[in-house]
>>> print(open('coords.txt').read())   # compact mmCIF, N, CA and C atoms
# COMPACT_ATOMS: atom_id res chain seq x y z
N VAL W 1 0.85 -1.19 0.00
CA VAL W 1 0.00 0.00 0.00
C VAL W 1 0.89 1.24 0.00
N GLN W 2 0.59 2.14 -0.92
CA GLN W 2 1.32 3.42 -0.96
C GLN W 2 0.32 4.56 -0.78
N LEU W 3 0.72 5.53 0.00
CA LEU W 3 -0.11 6.70 0.25
C LEU W 3 0.65 7.95 -0.18
N GLN W 4 -0.01 8.79 -0.94
CA GLN W 4 0.60 10.02 -1.43
C GLN W 4 -0.22 11.20 -0.94
N ALA W 5 0.35 11.97 -0.02
CA ALA W 5 -0.33 13.14 0.50
C ALA W 5 0.11 14.39 -0.26
N SER W 6 -0.82 15.31 -0.43
CA SER W 6 -0.51 16.56 -1.11
C SER W 6 -1.45 17.65 -0.63
N GLY W 7 -1.13 18.90 -0.98
CA GLY W 7 -2.02 20.01 -0.70
C GLY W 7 -1.57 20.96 0.39
N GLY W 8 -0.45 20.66 1.03
CA GLY W 8 0.02 21.55 2.07
C GLY W 8 0.53 22.86 1.50
N GLY W 9 0.84 23.79 2.39
CA GLY W 9 1.36 25.07 1.94
C GLY W 9 1.44 26.07 3.08
N LEU W 10 1.76 27.31 2.69
CA LEU W 10 1.85 28.42 3.63
C LEU W 10 0.65 29.31 3.45
N VAL W 11 -0.12 29.50 4.52
CA VAL W 11 -1.31 30.34 4.45
C VAL W 11 -1.35 31.25 5.67
N GLN W 12 -2.27 32.19 5.64
CA GLN W 12 -2.47 33.09 6.78
C GLN W 12 -3.59 32.56 7.67
N ALA W 13 -3.58 32.99 8.90
CA ALA W 13 -4.64 32.61 9.82
C ALA W 13 -6.00 32.98 9.24
N GLY W 14 -6.94 32.05 9.34
CA GLY W 14 -8.27 32.26 8.80
C GLY W 14 -8.47 31.71 7.41
N ASP W 15 -7.39 31.36 6.74
CA ASP W 15 -7.47 30.81 5.39
C ASP W 15 -7.86 29.34 5.43
N SER W 16 -8.00 28.77 4.23
CA SER W 16 -8.38 27.36 4.08
C SER W 16 -7.36 26.62 3.23
N LEU W 17 -7.27 25.33 3.45
CA LEU W 17 -6.46 24.43 2.63
C LEU W 17 -7.20 23.11 2.52
N ARG W 18 -6.96 22.39 1.42
CA ARG W 18 -7.50 21.05 1.30
C ARG W 18 -6.35 20.08 1.03
N LEU W 19 -6.21 19.14 1.92
CA LEU W 19 -5.21 18.09 1.74
C LEU W 19 -5.85 16.89 1.06
N SER W 20 -5.05 16.21 0.26
CA SER W 20 -5.50 14.99 -0.40
C SER W 20 -4.55 13.85 -0.07
N CYS W 21 -5.09 12.66 -0.02
CA CYS W 21 -4.28 11.47 0.21
C CYS W 21 -4.78 10.38 -0.72
N ALA W 22 -3.97 10.05 -1.72
CA ALA W 22 -4.33 9.02 -2.69
C ALA W 22 -3.66 7.71 -2.30
N ALA W 23 -4.46 6.67 -2.24
CA ALA W 23 -3.95 5.35 -1.88
C ALA W 23 -3.87 4.47 -3.11
N SER W 24 -2.84 3.67 -3.17
CA SER W 24 -2.69 2.72 -4.27
C SER W 24 -2.15 1.41 -3.72
N GLY W 25 -2.32 0.38 -4.47
CA GLY W 25 -1.81 -0.92 -4.05
C GLY W 25 -2.90 -1.89 -3.65
N ARG W 26 -4.01 -1.34 -3.13
CA ARG W 26 -5.15 -2.18 -2.83
C ARG W 26 -6.34 -1.29 -2.54
N THR W 27 -7.51 -1.84 -2.53
CA THR W 27 -8.70 -1.07 -2.21
C THR W 27 -8.98 -1.14 -0.71
N PHE W 28 -9.79 -0.19 -0.26
CA PHE W 28 -10.09 -0.08 1.16
C PHE W 28 -11.59 -0.16 1.38
N SER W 29 -12.17 -1.27 1.06
CA SER W 29 -13.61 -1.38 1.16
C SER W 29 -14.10 -1.40 2.60
N SER W 30 -13.30 -1.87 3.52
CA SER W 30 -13.78 -1.97 4.90
C SER W 30 -12.81 -1.36 5.90
N GLY W 31 -11.81 -0.69 5.45
CA GLY W 31 -10.82 -0.13 6.36
C GLY W 31 -11.12 1.30 6.75
N ALA W 32 -10.08 2.01 7.08
CA ALA W 32 -10.21 3.41 7.48
C ALA W 32 -8.97 4.17 7.06
N MET W 33 -9.15 5.45 6.92
CA MET W 33 -8.01 6.33 6.66
C MET W 33 -8.08 7.50 7.61
N GLY W 34 -6.92 7.96 8.02
CA GLY W 34 -6.88 9.03 8.98
C GLY W 34 -5.83 10.07 8.64
N TRP W 35 -5.97 11.20 9.27
CA TRP W 35 -4.98 12.28 9.19
C TRP W 35 -4.43 12.52 10.59
N PHE W 36 -3.13 12.63 10.64
CA PHE W 36 -2.44 12.96 11.88
C PHE W 36 -1.52 14.14 11.60
N ARG W 37 -1.05 14.79 12.64
CA ARG W 37 -0.11 15.89 12.43
C ARG W 37 0.95 15.88 13.52
N GLN W 38 2.09 16.43 13.16
CA GLN W 38 3.19 16.49 14.11
C GLN W 38 3.88 17.83 13.99
N ALA W 39 3.84 18.59 15.07
CA ALA W 39 4.52 19.88 15.13
C ALA W 39 5.92 19.65 15.70
N PRO W 40 6.83 20.57 15.43
CA PRO W 40 8.21 20.41 15.92
C PRO W 40 8.24 20.23 17.44
N GLY W 41 8.95 19.20 17.89
CA GLY W 41 9.10 18.96 19.31
C GLY W 41 7.91 18.32 19.98
N LYS W 42 6.90 17.97 19.19
CA LYS W 42 5.70 17.36 19.76
C LYS W 42 5.47 15.98 19.19
N GLU W 43 4.64 15.20 19.86
CA GLU W 43 4.30 13.89 19.36
C GLU W 43 3.27 14.00 18.24
N ARG W 44 3.23 12.97 17.42
CA ARG W 44 2.23 12.93 16.37
C ARG W 44 0.86 12.78 17.01
N GLU W 45 -0.10 13.58 16.54
CA GLU W 45 -1.42 13.56 17.14
C GLU W 45 -2.51 13.33 16.10
N PHE W 46 -3.59 12.74 16.57
CA PHE W 46 -4.74 12.46 15.73
C PHE W 46 -5.45 13.76 15.33
N VAL W 47 -5.90 13.81 14.07
CA VAL W 47 -6.67 14.95 13.57
C VAL W 47 -8.07 14.51 13.18
N ALA W 48 -8.16 13.55 12.27
CA ALA W 48 -9.47 13.11 11.78
C ALA W 48 -9.32 11.73 11.14
N ALA W 49 -10.43 11.01 11.08
CA ALA W 49 -10.43 9.70 10.44
C ALA W 49 -11.79 9.43 9.84
N ILE W 50 -11.82 8.53 8.86
CA ILE W 50 -13.07 8.17 8.21
C ILE W 50 -13.03 6.69 7.87
N ARG W 51 -14.15 6.02 8.09
CA ARG W 51 -14.26 4.61 7.72
C ARG W 51 -14.73 4.52 6.26
N PHE W 52 -14.13 3.60 5.52
CA PHE W 52 -14.54 3.44 4.14
C PHE W 52 -15.89 2.76 4.04
N GLY W 53 -16.16 1.85 4.94
CA GLY W 53 -17.47 1.20 4.92
C GLY W 53 -18.44 1.96 5.80
N GLY W 54 -19.29 2.79 5.23
CA GLY W 54 -20.26 3.54 6.02
C GLY W 54 -19.94 5.01 6.15
N GLY W 55 -18.65 5.36 6.16
CA GLY W 55 -18.30 6.77 6.19
C GLY W 55 -18.32 7.44 7.54
N THR W 56 -18.35 6.67 8.63
CA THR W 56 -18.29 7.28 9.95
C THR W 56 -17.01 8.10 10.09
N THR W 57 -17.15 9.29 10.67
CA THR W 57 -16.01 10.17 10.82
C THR W 57 -15.70 10.44 12.29
N TYR W 58 -14.45 10.75 12.55
CA TYR W 58 -13.98 11.07 13.89
C TYR W 58 -13.08 12.30 13.79
N TYR W 59 -13.15 13.16 14.79
CA TYR W 59 -12.36 14.38 14.79
C TYR W 59 -11.75 14.62 16.17
N ALA W 60 -10.56 15.21 16.15
CA ALA W 60 -10.00 15.72 17.39
C ALA W 60 -10.80 16.95 17.81
N GLU W 61 -10.90 17.16 19.10
CA GLU W 61 -11.67 18.31 19.59
C GLU W 61 -11.11 19.63 19.07
N SER W 62 -9.81 19.69 18.87
CA SER W 62 -9.17 20.93 18.47
C SER W 62 -9.52 21.35 17.04
N VAL W 63 -10.04 20.42 16.24
CA VAL W 63 -10.34 20.75 14.83
C VAL W 63 -11.82 20.61 14.52
N LYS W 64 -12.60 20.10 15.46
CA LYS W 64 -14.02 19.86 15.22
C LYS W 64 -14.71 21.18 14.87
N GLY W 65 -15.49 21.16 13.79
CA GLY W 65 -16.18 22.36 13.34
C GLY W 65 -15.38 23.19 12.34
N ARG W 66 -14.08 22.91 12.23
CA ARG W 66 -13.24 23.64 11.27
C ARG W 66 -12.73 22.73 10.15
N PHE W 67 -12.46 21.49 10.48
CA PHE W 67 -11.93 20.54 9.50
C PHE W 67 -13.02 19.54 9.13
N THR W 68 -12.98 19.09 7.87
CA THR W 68 -13.90 18.08 7.40
C THR W 68 -13.14 17.03 6.62
N ILE W 69 -13.31 15.77 7.00
CA ILE W 69 -12.70 14.67 6.27
C ILE W 69 -13.75 14.04 5.38
N SER W 70 -13.34 13.70 4.16
CA SER W 70 -14.27 13.07 3.22
C SER W 70 -13.49 12.08 2.37
N LYS W 71 -14.21 11.29 1.59
CA LYS W 71 -13.55 10.26 0.80
C LYS W 71 -14.21 10.11 -0.54
N ASP W 72 -13.41 9.63 -1.47
CA ASP W 72 -13.90 9.27 -2.80
C ASP W 72 -13.49 7.82 -2.99
N ASN W 73 -14.45 6.91 -2.78
CA ASN W 73 -14.11 5.49 -2.84
C ASN W 73 -13.59 5.09 -4.22
N ALA W 74 -14.17 5.67 -5.26
CA ALA W 74 -13.77 5.29 -6.61
C ALA W 74 -12.31 5.66 -6.89
N LYS W 75 -11.86 6.74 -6.26
CA LYS W 75 -10.48 7.19 -6.47
C LYS W 75 -9.55 6.72 -5.36
N ASN W 76 -10.09 6.01 -4.35
CA ASN W 76 -9.28 5.59 -3.20
C ASN W 76 -8.54 6.79 -2.61
N THR W 77 -9.26 7.88 -2.47
CA THR W 77 -8.65 9.14 -2.03
C THR W 77 -9.46 9.71 -0.87
N VAL W 78 -8.73 10.24 0.09
CA VAL W 78 -9.35 10.91 1.23
C VAL W 78 -8.89 12.36 1.24
N TYR W 79 -9.81 13.24 1.63
CA TYR W 79 -9.52 14.67 1.65
C TYR W 79 -9.68 15.20 3.08
N LEU W 80 -8.93 16.23 3.36
CA LEU W 80 -9.09 16.95 4.62
C LEU W 80 -9.25 18.42 4.29
N GLN W 81 -10.48 18.90 4.39
CA GLN W 81 -10.75 20.32 4.16
C GLN W 81 -10.52 21.05 5.47
N MET W 82 -9.61 21.99 5.46
CA MET W 82 -9.25 22.72 6.67
C MET W 82 -9.64 24.19 6.51
N ASN W 83 -10.59 24.63 7.29
CA ASN W 83 -11.04 26.01 7.26
C ASN W 83 -10.66 26.73 8.55
N SER W 84 -10.70 28.04 8.51
CA SER W 84 -10.40 28.85 9.69
C SER W 84 -9.10 28.41 10.35
N LEU W 85 -8.09 28.28 9.55
CA LEU W 85 -6.81 27.78 10.06
C LEU W 85 -6.21 28.74 11.08
N LYS W 86 -5.54 28.14 12.05
CA LYS W 86 -4.90 28.89 13.13
C LYS W 86 -3.40 28.59 13.14
N PRO W 87 -2.61 29.48 13.68
CA PRO W 87 -1.16 29.20 13.76
C PRO W 87 -0.84 27.89 14.47
N GLU W 88 -1.67 27.51 15.42
CA GLU W 88 -1.43 26.25 16.14
C GLU W 88 -1.74 25.01 15.29
N ASP W 89 -2.28 25.21 14.10
CA ASP W 89 -2.48 24.09 13.17
C ASP W 89 -1.21 23.80 12.37
N THR W 90 -0.19 24.62 12.53
CA THR W 90 1.06 24.42 11.81
C THR W 90 1.69 23.10 12.22
N ALA W 91 1.98 22.26 11.23
CA ALA W 91 2.54 20.94 11.48
C ALA W 91 2.77 20.23 10.15
N VAL W 92 3.46 19.11 10.22
CA VAL W 92 3.49 18.20 9.09
C VAL W 92 2.28 17.28 9.24
N TYR W 93 1.48 17.21 8.20
CA TYR W 93 0.28 16.39 8.21
C TYR W 93 0.55 15.08 7.47
N TYR W 94 0.18 13.99 8.12
CA TYR W 94 0.39 12.66 7.57
C TYR W 94 -0.96 11.97 7.37
N CYS W 95 -1.10 11.29 6.25
CA CYS W 95 -2.26 10.42 6.10
C CYS W 95 -1.84 8.99 6.39
N ALA W 96 -2.79 8.22 6.85
CA ALA W 96 -2.52 6.85 7.25
C ALA W 96 -3.70 5.98 6.86
N ALA W 97 -3.43 4.69 6.68
CA ALA W 97 -4.49 3.79 6.25
C ALA W 97 -4.45 2.48 7.02
N ALA W 98 -5.62 1.96 7.25
CA ALA W 98 -5.77 0.63 7.84
C ALA W 98 -6.69 -0.17 6.93
N THR W 99 -6.29 -1.36 6.58
CA THR W 99 -7.09 -2.16 5.67
C THR W 99 -8.09 -3.04 6.42
N ASN W 100 -7.95 -3.15 7.72
CA ASN W 100 -8.95 -3.88 8.49
C ASN W 100 -9.95 -2.86 9.04
N ARG W 101 -10.79 -3.27 9.93
CA ARG W 101 -11.78 -2.38 10.52
C ARG W 101 -11.34 -2.06 11.95
N PRO W 102 -10.68 -0.91 12.15
CA PRO W 102 -10.19 -0.60 13.49
C PRO W 102 -11.32 -0.26 14.45
N THR W 103 -11.09 -0.48 15.72
CA THR W 103 -12.05 -0.04 16.73
C THR W 103 -12.06 1.48 16.76
N THR W 104 -13.03 2.05 17.42
CA THR W 104 -13.11 3.51 17.49
C THR W 104 -11.84 4.09 18.11
N SER W 105 -11.35 3.49 19.17
CA SER W 105 -10.15 4.01 19.81
C SER W 105 -8.93 3.84 18.91
N MET W 106 -8.86 2.74 18.20
CA MET W 106 -7.72 2.51 17.30
C MET W 106 -7.78 3.45 16.11
N ALA W 107 -8.98 3.83 15.67
CA ALA W 107 -9.12 4.75 14.55
C ALA W 107 -8.58 6.14 14.90
N ARG W 108 -8.47 6.40 16.21
CA ARG W 108 -7.94 7.68 16.68
C ARG W 108 -6.48 7.58 17.11
N SER W 109 -5.88 6.43 16.88
CA SER W 109 -4.54 6.18 17.42
C SER W 109 -3.53 5.93 16.31
N VAL W 110 -2.31 6.43 16.52
CA VAL W 110 -1.22 6.17 15.59
C VAL W 110 -1.03 4.68 15.39
N SER W 111 -1.18 3.92 16.45
CA SER W 111 -0.94 2.48 16.38
C SER W 111 -2.03 1.73 15.63
N GLY W 112 -3.12 2.41 15.27
CA GLY W 112 -4.18 1.75 14.54
C GLY W 112 -3.96 1.68 13.05
N TYR W 113 -2.87 2.30 12.58
CA TYR W 113 -2.64 2.42 11.14
C TYR W 113 -1.26 1.87 10.76
N PRO W 114 -1.22 0.82 9.98
CA PRO W 114 0.06 0.25 9.56
C PRO W 114 0.69 0.94 8.35
N TYR W 115 -0.10 1.72 7.62
CA TYR W 115 0.41 2.34 6.41
C TYR W 115 0.39 3.86 6.54
N TRP W 116 1.51 4.49 6.14
CA TRP W 116 1.65 5.93 6.31
C TRP W 116 2.18 6.58 5.04
N GLY W 117 1.70 7.80 4.77
CA GLY W 117 2.23 8.60 3.68
C GLY W 117 3.44 9.39 4.15
N GLN W 118 3.98 10.18 3.26
CA GLN W 118 5.24 10.88 3.51
C GLN W 118 5.07 12.19 4.26
N GLY W 119 3.88 12.70 4.37
CA GLY W 119 3.67 13.95 5.08
C GLY W 119 3.69 15.16 4.17
N THR W 120 2.91 16.16 4.53
CA THR W 120 2.88 17.42 3.79
C THR W 120 2.84 18.55 4.81
N GLN W 121 3.66 19.57 4.57
CA GLN W 121 3.81 20.66 5.54
C GLN W 121 2.66 21.66 5.40
N VAL W 122 2.08 22.01 6.53
CA VAL W 122 1.08 23.08 6.60
C VAL W 122 1.63 24.12 7.56
N THR W 123 1.76 25.35 7.07
CA THR W 123 2.24 26.45 7.90
C THR W 123 1.22 27.57 7.88
N VAL W 124 0.78 27.97 9.06
CA VAL W 124 -0.22 29.02 9.18
C VAL W 124 0.42 30.20 9.90
N SER W 125 0.50 31.31 9.21
CA SER W 125 1.11 32.49 9.81
C SER W 125 0.03 33.36 10.45
N SER W 126 0.44 34.08 11.49
CA SER W 126 -0.53 34.92 12.22
C SER W 126 -0.61 36.31 11.63
>>> encode(input="coords.txt", output="structure tokens")
Amino acid sequence: VQLQASGGGLVQAGDSLRLSCAASGRTFSSGAMGWFRQAPGKEREFVAAIRFGGGTTYYAESVKGRFTISKDNAKNTVYLQMNSLKPEDTAVYYCAAATNRPTTSMARSVSGYPYWGQGTQVTVSS
């Protein structure tokens, strides 16, 4: 499984960005894909996740109401629409995939995903 993340960039506070993560190598009919982020000197943290079967979504409290995760099953691609960006959203964003059906807690955890993309930098200036 290969994951290719794209869409990062440098924006000002209040702006929007959309990240994309294209998966190849196999289909994800019953798995999940998630977005995590890691700021300098901090641990990688959960941002959002979506199940391919059913489309249930999960969000970190810090992004709820501002970020939206969505998927295109036909393209094996997941998107993260980020609105009202804040300087504290600055980080490298990683997409991750699980081909099984993770539990709710595992869908929010780094350890729930065996496949990872290369990361894309998001920088929000104040």
>>> residues_around(input="coords.txt", residues="Ala97 (chain W)", least_positions_apart="5", cutoff="8 Å", atoms="all atoms listed in the file", output="VMD selection string")
chain W and resid 3 31 to 35 112 to 117
>>> residues_near_point(input="coords.txt", point="(-0.1, 9.9, 0.5)", cutoff="8 Å", atoms="only C-alpha atoms", output="PyMOL selection string")
chain W and resi 2-6+20-23+94-96+116-119
>>> write_last_selection(input="coords.txt", atoms="N, CA and C atoms", output="PDB file, keeping the file's coordinate frame")
ATOM      1  N   GLN W   2       0.590   2.140  -0.920  1.00  0.00           N
ATOM      2  CA  GLN W   2       1.320   3.420  -0.960  1.00  0.00           C
ATOM      3  C   GLN W   2       0.320   4.560  -0.780  1.00  0.00           C
ATOM      4  N   LEU W   3       0.720   5.530   0.000  1.00  0.00           N
ATOM      5  CA  LEU W   3      -0.110   6.700   0.250  1.00  0.00           C
ATOM      6  C   LEU W   3       0.650   7.950  -0.180  1.00  0.00           C
ATOM      7  N   GLN W   4      -0.010   8.790  -0.940  1.00  0.00           N
ATOM      8  CA  GLN W   4       0.600  10.020  -1.430  1.00  0.00           C
ATOM      9  C   GLN W   4      -0.220  11.200  -0.940  1.00  0.00           C
ATOM     10  N   ALA W   5       0.350  11.970  -0.020  1.00  0.00           N
ATOM     11  CA  ALA W   5      -0.330  13.140   0.500  1.00  0.00           C
ATOM     12  C   ALA W   5       0.110  14.390  -0.260  1.00  0.00           C
ATOM     13  N   SER W   6      -0.820  15.310  -0.430  1.00  0.00           N
ATOM     14  CA  SER W   6      -0.510  16.560  -1.110  1.00  0.00           C
ATOM     15  C   SER W   6      -1.450  17.650  -0.630  1.00  0.00           C
ATOM     16  N   SER W  20      -5.050  16.210   0.260  1.00  0.00           N
ATOM     17  CA  SER W  20      -5.500  14.990  -0.400  1.00  0.00           C
ATOM     18  C   SER W  20      -4.550  13.850  -0.070  1.00  0.00           C
ATOM     19  N   CYS W  21      -5.090  12.660  -0.020  1.00  0.00           N
ATOM     20  CA  CYS W  21      -4.280  11.470   0.210  1.00  0.00           C
ATOM     21  C   CYS W  21      -4.780  10.380  -0.720  1.00  0.00           C
ATOM     22  N   ALA W  22      -3.970  10.050  -1.720  1.00  0.00           N
ATOM     23  CA  ALA W  22      -4.330   9.020  -2.690  1.00  0.00           C
ATOM     24  C   ALA W  22      -3.660   7.710  -2.300  1.00  0.00           C
ATOM     25  N   ALA W  23      -4.460   6.670  -2.240  1.00  0.00           N
ATOM     26  CA  ALA W  23      -3.950   5.350  -1.880  1.00  0.00           C
ATOM     27  C   ALA W  23      -3.870   4.470  -3.110  1.00  0.00           C
ATOM     28  N   TYR W  94       0.180  13.990   8.120  1.00  0.00           N
ATOM     29  CA  TYR W  94       0.390  12.660   7.570  1.00  0.00           C
ATOM     30  C   TYR W  94      -0.960  11.970   7.370  1.00  0.00           C
ATOM     31  N   CYS W  95      -1.100  11.290   6.250  1.00  0.00           N
ATOM     32  CA  CYS W  95      -2.260  10.420   6.100  1.00  0.00           C
ATOM     33  C   CYS W  95      -1.840   8.990   6.390  1.00  0.00           C
ATOM     34  N   ALA W  96      -2.790   8.220   6.850  1.00  0.00           N
ATOM     35  CA  ALA W  96      -2.520   6.850   7.250  1.00  0.00           C
ATOM     36  C   ALA W  96      -3.700   5.980   6.860  1.00  0.00           C
ATOM     37  N   TRP W 116       1.510   4.490   6.140  1.00  0.00           N
ATOM     38  CA  TRP W 116       1.650   5.930   6.310  1.00  0.00           C
ATOM     39  C   TRP W 116       2.180   6.580   5.040  1.00  0.00           C
ATOM     40  N   GLY W 117       1.700   7.800   4.770  1.00  0.00           N
ATOM     41  CA  GLY W 117       2.230   8.600   3.680  1.00  0.00           C
ATOM     42  C   GLY W 117       3.440   9.390   4.150  1.00  0.00           C
ATOM     43  N   GLN W 118       3.980  10.180   3.260  1.00  0.00           N
ATOM     44  CA  GLN W 118       5.240  10.880   3.510  1.00  0.00           C
ATOM     45  C   GLN W 118       5.070  12.190   4.260  1.00  0.00           C
ATOM     46  N   GLY W 119       3.880  12.700   4.370  1.00  0.00           N
ATOM     47  CA  GLY W 119       3.670  13.950   5.080  1.00  0.00           C
ATOM     48  C   GLY W 119       3.690  15.160   4.170  1.00  0.00           C
TER      49      GLY W 119
END
>>> atom_distance(input="coords.txt", atom1="CA of Tyr79 (chain W)", atom2="CA of Leu19 (chain W)")
5.5 Å
>>> select_by_dssp(input="coords.txt", residues="chain W", states="alpha helix (DSSP H)", output="ChimeraX atom specification")
/W:104-107
>>> atom_distance(input="coords.txt", atom1="atom N of Asp15 (chain W)", atom2="CA of Val63 (chain W)")
13.7 Å
>>> atom_distance(input="coords.txt", atom1="atom N of Arg18 (chain W)", atom2="CA of Gly53 (chain W)")
23.9 Å
